[in-house]
>>> print(open('upload-v1.txt').read())   # compact mmCIF, C-alpha atoms
# COMPACT_ATOMS: atom_id res chain seq x y z
CA MET G 1 -25.10 -12.98 -11.58
CA GLU G 2 -26.31 -11.53 -8.31
CA ASN G 3 -26.18 -7.75 -8.08
CA LEU G 4 -24.15 -5.82 -5.53
CA LEU G 5 -27.06 -5.16 -3.17
CA GLU G 6 -27.92 -8.85 -3.07
CA LEU G 7 -24.28 -9.70 -2.35
CA TYR G 8 -24.11 -7.09 0.41
CA GLN G 9 -27.27 -8.53 1.94
CA THR G 10 -25.58 -11.90 2.26
CA MET G 11 -22.76 -10.06 4.09
CA GLY G 12 -25.09 -8.43 6.61
CA ILE G 13 -25.83 -5.04 5.04
CA SER G 14 -29.52 -4.22 4.70
CA PRO G 15 -31.08 -2.43 1.70
CA ALA G 16 -31.88 0.58 3.92
CA VAL G 17 -28.24 1.05 5.00
CA TYR G 18 -26.98 0.45 1.46
CA GLN G 19 -29.34 3.03 -0.03
CA TYR G 20 -28.48 5.53 2.69
CA GLY G 21 -24.83 5.15 1.71
CA GLU G 22 -25.53 5.50 -2.01
CA ALA G 23 -27.38 8.77 -1.39
CA ALA G 24 -24.34 10.11 0.47
CA LEU G 25 -22.03 9.07 -2.37
CA GLN G 26 -23.92 11.18 -4.87
CA ARG G 27 -22.85 14.26 -2.93
CA LEU G 28 -19.17 13.31 -2.93
CA ARG G 29 -18.21 12.84 -6.58
CA ARG G 30 -16.44 16.19 -6.99
CA ARG G 31 -14.51 15.81 -3.75
CA PHE G 32 -13.38 12.35 -4.80
CA ASP G 33 -12.16 13.77 -8.12
CA LYS G 34 -9.98 16.27 -6.25
CA ILE G 35 -8.49 13.48 -4.12
CA ASP G 36 -7.66 11.54 -7.29
CA GLN G 37 -5.84 14.58 -8.69
CA ILE G 38 -3.62 14.82 -5.59
CA ALA G 39 -2.98 11.07 -5.77
CA GLU G 40 -1.90 11.42 -9.41
CA TYR G 41 0.55 14.18 -8.47
CA ASN G 42 2.01 12.17 -5.60
CA GLN G 43 2.22 9.05 -7.75
CA ALA G 44 4.25 10.99 -10.31
CA LYS G 45 6.49 12.31 -7.51
CA VAL G 46 7.25 8.80 -6.24
CA LEU G 47 7.76 7.44 -9.76
CA ARG G 48 10.16 10.23 -10.64
CA ALA G 49 12.23 9.56 -7.50
CA MET G 50 12.43 5.84 -8.29
CA GLN G 51 13.48 6.51 -11.86
CA LYS G 52 16.02 9.14 -10.82
CA ASN G 53 17.65 6.71 -8.40
CA LYS G 54 17.69 3.87 -10.92
CA VAL G 55 15.70 1.34 -8.93
CA SER G 56 16.42 -2.09 -10.38
CA ALA G 57 15.92 -5.76 -9.58
CA ALA G 58 19.31 -5.67 -7.85
CA CYS G 59 17.73 -3.42 -5.20
CA PHE G 60 15.41 -6.25 -4.15
CA ALA G 61 18.16 -8.66 -3.08
CA ALA G 62 18.07 -9.81 0.54
CA THR G 63 20.88 -9.08 2.95
CA THR G 64 21.60 -10.57 6.37
CA GLY G 65 23.97 -10.06 9.26
CA TYR G 66 25.58 -6.64 9.32
CA GLY G 67 24.01 -5.58 6.05
CA TYR G 68 27.15 -3.88 4.77
CA ASP G 69 26.92 -2.43 1.25
CA ASP G 70 23.14 -2.99 1.09
CA LEU G 71 22.32 -1.47 -2.30
CA GLY G 72 18.55 -1.76 -1.96
CA ARG G 73 18.40 -0.30 1.54
CA ASP G 74 20.65 2.65 0.73
CA ASN G 75 18.84 3.40 -2.51
CA LEU G 76 15.42 3.26 -0.84
CA GLU G 77 16.61 5.93 1.57
CA ARG G 78 17.64 8.11 -1.35
CA VAL G 79 14.18 7.60 -2.89
CA TYR G 80 12.51 8.70 0.34
CA ALA G 81 14.80 11.72 0.61
CA ASP G 82 13.90 12.77 -2.93
CA VAL G 83 10.14 12.35 -2.41
CA PHE G 84 10.25 14.29 0.88
CA HIS G 85 12.73 16.83 -0.55
CA THR G 86 15.21 16.34 2.29
CA GLU G 87 18.96 15.96 2.55
CA ALA G 88 18.75 12.44 3.93
CA ALA G 89 16.41 9.71 5.15
CA LEU G 90 16.55 6.70 7.44
CA VAL G 91 14.13 3.94 6.34
CA ARG G 92 14.55 0.71 8.26
CA PRO G 93 12.65 -2.43 9.21
CA GLN G 94 14.55 -2.24 12.51
CA ILE G 95 12.28 0.71 13.41
CA THR G 96 9.35 -1.23 14.80
CA CYS G 97 6.54 1.35 14.78
CA GLY G 98 5.68 5.05 14.64
CA THR G 99 6.28 5.54 18.36
CA HIS G 100 9.71 3.93 17.99
CA ALA G 101 10.56 6.27 15.09
CA LEU G 102 9.51 9.31 17.12
CA ALA G 103 11.38 8.13 20.22
CA LEU G 104 14.46 7.55 18.08
CA ALA G 105 14.31 11.05 16.56
CA LEU G 106 13.82 12.69 19.95
CA SER G 107 16.43 10.72 21.91
CA ALA G 108 19.02 11.16 19.15
CA ASN G 109 18.69 14.93 19.03
CA LEU G 110 18.09 15.85 22.68
CA LEU G 111 20.81 15.86 25.36
CA PRO G 112 20.64 16.17 29.15
CA GLY G 113 19.65 19.73 30.05
CA ASP G 114 17.77 20.31 26.80
CA GLU G 115 14.08 21.10 26.72
CA LEU G 116 11.41 19.65 24.45
CA LEU G 117 8.38 21.80 23.61
CA SER G 118 5.02 20.77 22.18
CA PRO G 119 3.14 23.85 20.95
CA VAL G 120 0.09 21.77 19.99
CA GLY G 121 -0.96 20.42 23.38
CA ALA G 122 -0.42 16.95 24.78
CA PRO G 123 1.15 14.39 22.43
CA TYR G 124 -0.34 11.02 21.51
CA ASP G 125 -0.78 8.57 24.40
CA THR G 126 2.16 6.30 23.60
CA LEU G 127 4.59 9.22 23.29
CA GLN G 128 3.77 10.43 26.81
CA GLU G 129 5.83 7.62 28.35
CA VAL G 130 8.64 8.27 25.88
CA ILE G 131 8.81 11.87 27.09
CA GLY G 132 8.16 11.02 30.73
CA ILE G 133 4.85 12.82 31.14
CA ARG G 134 3.77 9.46 32.49
CA PRO G 135 6.82 8.02 34.26
CA SER G 136 8.55 5.17 32.46
CA PRO G 137 11.99 3.56 32.52
CA CYS G 138 14.34 5.07 29.92
CA SER G 139 12.09 8.09 29.29
CA LEU G 140 13.61 11.39 28.18
CA ALA G 141 12.86 12.75 31.64
CA GLU G 142 15.10 10.09 33.20
CA TYR G 143 17.95 11.35 31.04
CA GLY G 144 17.50 14.96 32.11
CA VAL G 145 15.41 16.29 29.22
CA SER G 146 12.70 18.65 30.43
CA TYR G 147 9.35 19.12 28.75
CA ARG G 148 6.73 21.80 28.45
CA GLN G 149 3.66 22.25 26.29
CA VAL G 150 1.38 25.01 25.11
CA ASP G 151 -2.23 23.98 24.71
CA LEU G 152 -4.24 24.93 21.66
CA LEU G 153 -6.77 27.73 21.87
CA PRO G 154 -10.43 26.70 22.35
CA ASP G 155 -11.02 26.89 18.57
CA GLY G 156 -8.06 24.58 17.86
CA ALA G 157 -5.73 27.36 16.70
CA PHE G 158 -2.12 27.82 17.79
CA ASP G 159 -1.60 30.03 20.85
CA TYR G 160 1.23 32.07 19.34
CA GLU G 161 1.56 34.45 22.27
CA ASN G 162 2.19 31.67 24.78
CA ILE G 163 4.34 29.72 22.32
CA ARG G 164 6.65 32.74 22.10
CA ARG G 165 6.90 32.82 25.89
CA ALA G 166 7.53 29.08 26.10
CA ILE G 167 10.53 29.11 23.75
CA THR G 168 13.58 29.70 25.92
CA PRO G 169 17.35 29.31 25.51
CA LYS G 170 16.90 25.71 26.78
CA THR G 171 14.40 24.83 24.04
CA LYS G 172 16.34 22.49 21.76
CA LEU G 173 13.56 20.73 19.86
CA ILE G 174 9.90 21.43 19.08
CA THR G 175 7.60 18.53 18.27
CA ILE G 176 4.46 19.05 16.18
CA GLN G 177 1.91 16.26 15.95
CA ARG G 178 0.11 16.63 12.64
CA SER G 179 -2.77 14.24 13.24
CA LYS G 180 -5.24 14.37 16.10
CA GLY G 181 -4.31 11.11 17.86
CA TYR G 182 -6.92 10.21 20.47
CA ALA G 183 -8.15 13.80 20.67
CA THR G 184 -10.99 15.56 18.91
CA ARG G 185 -9.00 18.57 17.77
CA PRO G 186 -8.38 19.40 14.10
CA THR G 187 -5.58 17.80 12.14
CA PHE G 188 -3.16 20.45 10.92
CA SER G 189 -2.62 21.16 7.25
CA VAL G 190 0.89 21.37 5.86
CA SER G 191 0.31 25.10 5.38
CA GLN G 192 -0.61 25.55 9.06
CA ILE G 193 2.43 23.53 10.11
CA GLY G 194 4.58 25.71 7.86
CA ASP G 195 3.26 28.87 9.52
CA LEU G 196 4.00 27.43 12.98
CA ILE G 197 7.51 26.35 11.96
CA ALA G 198 8.26 29.79 10.52
CA PHE G 199 7.06 31.45 13.73
CA CYS G 200 9.16 29.17 15.97
CA LYS G 201 12.27 29.61 13.81
CA GLN G 202 11.78 33.39 13.92
CA VAL G 203 11.75 33.27 17.73
CA LYS G 204 14.74 30.86 17.93
CA PRO G 205 16.45 30.28 14.58
CA ASP G 206 18.54 27.30 15.74
CA VAL G 207 15.64 25.32 17.23
CA LEU G 208 15.00 21.90 15.69
CA ILE G 209 11.49 21.08 14.48
CA MET G 210 10.21 17.50 14.33
CA VAL G 211 6.82 16.72 12.77
CA ASP G 212 4.97 13.52 13.62
CA ASN G 213 3.65 12.87 10.13
CA CYS G 214 1.77 9.64 10.93
CA TYR G 215 -1.48 9.27 8.94
CA GLY G 216 -0.70 12.38 6.87
CA GLU G 217 1.67 11.22 4.12
CA PHE G 218 0.37 11.77 0.57
CA VAL G 219 -2.95 13.31 1.68
CA GLU G 220 -1.66 16.63 0.35
CA ALA G 221 0.74 17.48 -2.45
CA LEU G 222 3.25 18.82 0.08
CA GLU G 223 4.80 17.24 3.18
CA PRO G 224 6.02 18.99 6.36
CA SER G 225 9.58 18.66 5.08
CA ASP G 226 8.58 21.02 2.26
CA VAL G 227 7.89 23.74 4.83
CA ASP G 228 11.22 23.55 6.70
CA ALA G 229 10.67 20.76 9.22
CA ASP G 230 14.09 19.46 10.27
CA MET G 231 12.68 15.94 10.70
CA THR G 232 9.52 14.38 9.27
CA VAL G 233 8.76 11.07 10.96
CA GLY G 234 6.32 8.21 10.36
CA SER G 235 5.52 4.51 10.28
CA LEU G 236 5.70 2.20 7.28
CA ILE G 237 2.61 0.26 8.41
CA LYS G 238 0.65 3.46 7.96
CA ASN G 239 0.47 5.55 4.78
CA PRO G 240 3.90 5.23 3.14
CA GLY G 241 4.03 1.44 3.34
CA GLY G 242 1.03 1.18 1.03
CA GLY G 243 -0.25 -1.86 2.92
CA LEU G 244 2.66 -4.02 1.77
CA ALA G 245 5.38 -3.03 4.24
CA PRO G 246 5.25 -5.59 7.07
CA ILE G 247 7.20 -3.39 9.52
CA GLY G 248 9.36 -0.29 9.60
CA GLY G 249 9.57 3.43 10.08
CA TYR G 250 11.20 6.44 8.46
CA ILE G 251 12.85 9.72 9.40
CA ALA G 252 13.43 12.19 6.57
CA GLY G 253 15.26 15.41 7.28
CA THR G 254 18.54 17.24 7.50
CA LYS G 255 21.73 15.24 7.14
CA ALA G 256 22.83 16.15 10.66
CA CYS G 257 19.56 15.07 12.31
CA VAL G 258 19.25 11.84 10.33
CA GLU G 259 22.88 10.91 10.99
CA ARG G 260 22.29 11.21 14.75
CA CYS G 261 19.14 9.07 14.42
CA ALA G 262 21.15 6.39 12.62
CA TYR G 263 23.75 6.38 15.41
CA ARG G 264 21.02 6.04 18.01
CA LEU G 265 19.32 3.21 16.08
CA SER G 266 22.51 1.16 15.70
CA ALA G 267 25.54 2.44 17.61
CA PRO G 268 27.90 5.43 17.57
CA GLY G 269 30.36 4.95 14.74
CA LEU G 270 28.13 2.50 12.87
CA GLY G 271 25.08 4.56 11.91
CA GLN G 272 23.54 3.80 8.53
CA GLU G 273 26.30 1.41 7.51
CA VAL G 274 24.64 -1.54 9.28
CA GLY G 275 21.14 -2.99 9.28
CA ALA G 276 20.26 -5.89 7.00
CA ASN G 277 17.06 -5.67 4.95
CA LEU G 278 16.16 -9.35 5.59
CA GLY G 279 14.46 -9.70 2.21
CA LEU G 280 11.89 -6.95 2.76
CA MET G 281 12.99 -4.63 -0.04
CA PRO G 282 10.36 -5.66 -2.63
CA SER G 283 7.56 -4.94 -0.14
CA LEU G 284 9.06 -1.62 0.98
CA TYR G 285 9.65 -0.38 -2.57
CA GLN G 286 6.35 -1.57 -4.00
CA GLY G 287 4.39 -0.39 -0.96
CA PHE G 288 5.87 3.09 -1.29
CA PHE G 289 5.03 3.07 -5.00
CA LEU G 290 1.39 2.15 -4.30
CA ALA G 291 1.02 4.45 -1.30
CA PRO G 292 -0.46 7.53 -3.07
CA THR G 293 -3.33 5.46 -4.50
CA VAL G 294 -3.92 3.51 -1.28
CA VAL G 295 -3.97 6.74 0.75
CA ALA G 296 -6.50 8.26 -1.66
CA GLY G 297 -8.84 5.31 -1.10
CA ALA G 298 -8.48 5.62 2.67
CA GLU G 299 -9.20 9.34 2.53
CA LYS G 300 -12.36 8.70 0.54
CA GLY G 301 -13.43 6.22 3.19
CA ALA G 302 -12.95 8.82 5.94
CA ILE G 303 -15.03 11.38 4.06
CA PHE G 304 -17.72 8.79 3.38
CA ALA G 305 -17.85 7.95 7.10
CA ALA G 306 -18.39 11.58 8.09
CA ASN G 307 -21.11 11.98 5.50
CA LEU G 308 -22.95 8.93 6.87
CA TYR G 309 -22.64 9.65 10.58
CA GLU G 310 -22.91 13.44 10.81
CA PRO G 311 -26.47 13.64 9.39
CA LEU G 312 -27.47 11.11 12.08
CA GLY G 313 -26.48 13.56 14.82
CA PHE G 314 -22.97 12.36 15.64
CA ARG G 315 -20.17 14.91 15.90
CA CYS G 316 -17.46 14.13 13.37
CA VAL G 317 -13.91 15.50 13.33
CA PRO G 318 -13.27 16.60 10.64
CA ASN G 319 -16.89 17.36 9.79
CA ALA G 320 -18.54 16.20 6.59
CA GLU G 321 -17.51 19.28 4.59
CA GLU G 322 -13.99 20.10 5.80
CA ASP G 323 -10.82 19.60 3.80
CA ARG G 324 -8.73 16.61 4.97
CA HIS G 325 -5.13 16.57 6.12
CA ASP G 326 -4.89 12.95 7.30
CA ILE G 327 -6.79 9.69 6.83
CA ILE G 328 -8.38 9.54 10.30
CA GLN G 329 -12.07 10.12 10.90
CA ALA G 330 -13.14 10.64 14.50
CA VAL G 331 -16.81 9.99 15.29
CA GLU G 332 -18.10 10.87 18.76
CA LEU G 333 -20.55 8.05 19.47
CA GLY G 334 -21.51 9.04 23.00
CA SER G 335 -21.37 5.63 24.68
CA GLU G 336 -19.21 2.57 25.16
CA GLU G 337 -22.00 0.45 23.69
CA ALA G 338 -21.96 2.43 20.45
CA MET G 339 -18.14 2.26 20.25
CA ILE G 340 -18.26 -1.51 20.59
CA ALA G 341 -20.97 -1.85 17.91
CA PHE G 342 -19.02 0.37 15.49
CA CYS G 343 -15.77 -1.54 15.97
CA GLN G 344 -17.51 -4.88 15.66
CA GLY G 345 -18.85 -3.77 12.29
CA ILE G 346 -15.36 -2.83 11.09
CA GLN G 347 -13.96 -6.16 12.33
CA ALA G 348 -16.75 -8.08 10.61
CA ALA G 349 -15.82 -6.36 7.33
CA ALA G 350 -12.17 -7.44 7.52
CA PRO G 351 -10.56 -10.00 5.19
CA VAL G 352 -8.63 -11.41 8.16
CA ASP G 353 -10.14 -12.41 11.53
CA ALA G 354 -13.61 -11.24 10.52
CA PHE G 355 -15.00 -13.84 12.93
CA ALA G 356 -13.33 -12.18 15.94
CA THR G 357 -15.24 -9.89 18.30
CA PRO G 358 -13.34 -6.81 19.50
CA ILE G 359 -13.83 -5.87 23.15
CA PRO G 360 -12.25 -3.12 25.29
CA SER G 361 -9.01 -4.20 26.99
CA ASP G 362 -5.77 -2.91 28.47
CA MET G 363 -3.07 -2.01 25.94
CA PRO G 364 0.63 -1.22 26.45
CA GLY G 365 1.24 2.53 26.46
CA TYR G 366 -2.38 3.54 27.21
CA SER G 367 -3.90 4.59 30.53
CA ASP G 368 -7.51 3.75 29.51
CA LYS G 369 -8.96 0.55 28.14
CA VAL G 370 -8.88 0.61 24.34
CA ILE G 371 -11.04 -1.14 21.78
CA MET G 372 -9.45 -2.00 18.47
CA ALA G 373 -10.91 -3.47 15.30
CA ALA G 374 -8.04 -4.54 13.10
CA GLY G 375 -8.49 -7.55 10.86
CA ALA G 376 -5.33 -6.87 8.89
CA PHE G 377 -2.78 -8.73 6.79
CA VAL G 378 -0.10 -6.87 8.80
CA GLN G 379 -0.71 -6.77 12.54
CA GLY G 380 -1.57 -3.26 13.68
CA SER G 381 -1.42 -1.80 10.17
CA SER G 382 -3.37 1.47 10.30
CA ILE G 383 -3.45 1.88 6.54
CA GLU G 384 -5.62 -1.23 6.44
CA LEU G 385 -9.25 -0.98 7.47
CA SER G 386 -9.31 -0.39 11.21
CA ALA G 387 -11.03 1.49 14.01
CA ASP G 388 -10.05 2.06 17.60
CA GLY G 389 -10.40 4.37 20.54
CA PRO G 390 -9.97 4.71 24.30
CA ILE G 391 -13.04 3.99 26.40
CA ARG G 392 -13.49 7.47 27.83
CA PRO G 393 -15.78 10.46 27.13
CA PRO G 394 -16.75 11.60 24.55
CA TYR G 395 -16.52 7.93 23.46
CA ALA G 396 -14.98 8.78 20.13
CA VAL G 397 -13.97 6.05 17.71
CA TYR G 398 -11.15 6.69 15.25
CA PHE G 399 -11.67 5.10 11.86
CA GLN G 400 -8.91 4.89 9.27
CA GLY G 401 -7.55 2.96 6.36
CA GLY G 402 -8.76 0.56 3.74
CA LEU G 403 -6.35 -0.75 1.13
CA THR G 404 -9.03 0.01 -1.46
CA TRP G 405 -11.83 2.56 -1.45
CA ASN G 406 -14.38 -0.21 -2.02
CA HIS G 407 -13.28 -2.02 1.12
CA ALA G 408 -13.40 1.19 3.17
CA LYS G 409 -16.95 1.76 1.91
CA HIS G 410 -17.99 -1.75 2.87
CA GLY G 411 -16.54 -1.36 6.36
CA ILE G 412 -18.33 1.90 7.06
CA LEU G 413 -21.65 0.51 5.85
CA LEU G 414 -21.27 -2.52 8.11
CA SER G 415 -20.32 -0.34 11.10
CA LEU G 416 -23.54 1.61 10.62
CA GLN G 417 -25.49 -1.61 10.21
CA LYS G 418 -24.27 -2.81 13.62
CA LEU G 419 -25.52 0.39 15.27
CA VAL G 420 -28.87 0.05 13.51
CA ASP G 421 -29.16 -3.59 14.57
CA ALA G 422 -28.37 -2.63 18.18
CA GLY G 423 -31.13 -0.02 18.17
CA LEU G 424 -28.61 2.80 18.62
CA VAL G 425 -29.38 4.48 15.28
CA THR G 426 -32.54 4.98 13.29
CA LEU G 427 -32.24 5.84 9.60
>>> encode(input="upload-v1.txt", output="structure tokens")
Amino acid sequence: MENLLELYQTMGISPAVYQYGEAALQRLRRRFDKIDQIAEYNQAKVLRAMQKNKVSAACFAATTGYGYDDLGRDNLERVYADVFHTEAALVRPQITCGTHALALALSANLLPGDELLSPVGAPYDTLQEVIGIRPSPCSLAEYGVSYRQVDLLPDGAFDYENIRRAITPKTKLITIQRSKGYATRPTFSVSQIGDLIAFCKQVKPDVLIMVDNCYGEFVEALEPSDVDADMTVGSLIKNPGGGLAPIGGYIAGTKACVERCAYRLSAPGLGQEVGANLGLMPSLYQGFFLAPTVVAGAEKGAIFAANLYEPLGFRCVPNAEEDRHDIIQAVELGSEEAMIAFCQGIQAAAPVDAFATPIPSDMPGYSDKVIMAAGAFVQGSSIELSADGPIRPPYAVYFQGGLTWNHAKHGILLSLQKLVDAGLVTL
């Protein structure tokens, strides 16, 4: 039987790149053990919630049409609420993506004349049109919701003094983006988010706090809902779907907030009573069950990437030694050419569409051309091995995912190989 190195060579990875990766792995064993401990805790948390809510084969039955009395759908929402320690949850395939879930939560809980505040700087690109920072039909701005933001301090910390000034009687809702998006600022830990929430609630006790939890679920033992977020929001084709959910999003939070979100998703008076599951329940339940282990593998891949690229002189966010609070690894590559080589390596490592060649192109919701490597079983699934980034300085690529740690490792090795082959890196 051929050994692993020989097999990797047939897949385009040279002995030099392989050995460079193995040397990095020797330094990471203890960190990987800690990740496995968190995954074990989160796995037990999900299992306990499923057992408590008596998940059974009856929960996997398909429903159509109105979806009245959908046992599996309603029970899945109770499972999510128990895992996130919230009063209620809305978990639906009718929520098409993370941006849709965030837009739903915002539009359901903001009224004309209200103000939305971001105390962590500009939100992710696609949310800017939702808010109206970049004009768009049906934005919050069109409906009379104003917006202001407080930028982070130069070291990435919260600017508490200016946040206090920015919270006014009009401030109805505060949005906190946990992950970095297409920025090279730190991702916030649940503890940091908790400190910010406590500060904002001290200034205005009745203000609502929404946390964009995308890419952060199950990386830590706690979630933002454990530190008093009124709504914790995310996508099922990221962490909590475990790679099996083919579509969907979730909002976990207070009963009042979630009820409004359900009315906005369907119609006033209908709320959570309608919305057929269309036969997706087995994937949504099993994906959520597998999510803690899948997330652990993706986090290992992110750490491995930083420990390969940082010693070669590339700035990595987080750096090779920092604790992780999401699954995304930003690598500042310094040029469009290097971004393309990196993404082509990730694409070539995919189980689906490995033969495709990613190139920068226009994307809905983005003002810059974006390159995306995403050979996934589920289109756009960010918990699967992928890499993307806007073509703009500092030419940072954002790597995430991998349904297994071994696949994430293979993808990172092949991304480095492409840079070596292009003469952009010397080992």
>>> residues_near_point(input="upload-v1.txt", point="(-9.1, 15.2, -5.9)", cutoff="12 Å", atoms="all atoms listed in the file", output="NGL selection string")
:G and (28-42 or 218-221 or 292-293 or 295-297 or 299-300 or 323-324)
>>> atom_distance(input="upload-v1.txt", atom1="CA of Val120 in chain G", atom2="CA of Val203 in chain G")
16.5 Å
>>> residues_around(input="upload-v1.txt", residues="Asp228 in chain G", least_positions_apart="4", cutoff="8 Å", atoms="all atoms listed in the file", output="list in words")
Gly194, Ile197, Ala198 and Pro224 of chain G
>>> residues_around(input="upload-v1.txt", residues="Asp155 in chain G", least_positions_apart="6", cutoff="12 Å", atoms="only C-alpha atoms", output="list in words")
Thr184, Arg185 and Pro186 of chain G
>>> write_last_selection(input="upload-v1.txt", atoms="C-alpha atoms", output="mmCIF file, in the coordinates of the input")
data_model
loop_
_atom_site.group_PDB
_atom_site.id
_atom_site.type_symbol
_atom_site.label_atom_id
_atom_site.label_comp_id
_atom_site.auth_asym_id
_atom_site.auth_seq_id
_atom_site.Cartn_x
_atom_site.Cartn_y
_atom_site.Cartn_z
ATOM 1 C CA THR G 184 -10.990 15.560 18.910
ATOM 2 C CA ARG G 185 -9.000 18.570 17.770
ATOM 3 C CA PRO G 186 -8.380 19.400 14.100
#
>>> closest_atom_pairs(input="upload-v1.txt", of="range 304-397 of chain G", to="range 246-270 of chain G", cutoff="9 Å", atoms="all atoms listed in the file", output="Markdown table")
| residue | atom | partner | partner_atom | distance |
| --- | --- | --- | --- | --- |
| G:Phe377 | CA | G:Pro246 | CA | 8.6 |
| G:Val378 | CA | G:Pro246 | CA | 5.8 |
| G:Gln379 | CA | G:Pro246 | CA | 8.2 |
| G:Ser381 | CA | G:Pro246 | CA | 8.3 |
>>> residues_around(input="upload-v1.txt", residues="Ala373 in chain G", least_positions_apart="5", cutoff="6 Å", atoms="only C-alpha atoms", output="ChimeraX atom specification")
/G:343,347,358,386-387
>>> write_last_selection(input="upload-v1.txt", atoms="C-alpha atoms", output="PDB file, in the coordinates of the input")
ATOM      1  CA  CYS G 343     -15.770  -1.540  15.970  1.00  0.00           C
ATOM      2  CA  GLN G 347     -13.960  -6.160  12.330  1.00  0.00           C
ATOM      3  CA  PRO G 358     -13.340  -6.810  19.500  1.00  0.00           C
ATOM      4  CA  SER G 386      -9.310  -0.390  11.210  1.00  0.00           C
ATOM      5  CA  ALA G 387     -11.030   1.490  14.010  1.00  0.00           C
TER       6      ALA G 387
END
>>> closest_residue(input="upload-v1.txt", among="G:Leu424, G:Val83, G:Val317, G:Met210", to="Val233 in chain G", atoms="all atoms listed in the file")
G:Met210
>>> atom_distance(input="upload-v1.txt", atom1="CA of Asp212 in chain G", atom2="CA of Leu102 in chain G")
7.1 Å
>>> closest_residue(input="upload-v1.txt", among="G:Gln344, G:Gln177, G:Gln417, G:Asn277", to="Pro15 in chain G", atoms="all atoms listed in the file")
G:Gln417
>>> closest_residue(input="upload-v1.txt", among="G:Val79, G:Ala396, G:Ala305, G:Ile383", to="Gln51 in chain G", atoms="only C-alpha atoms")
G:Val79
>>> atom_distance(input="upload-v1.txt", atom1="CA of Leu403 in chain G", atom2="CA of Gly243 in chain G")
6.5 Å
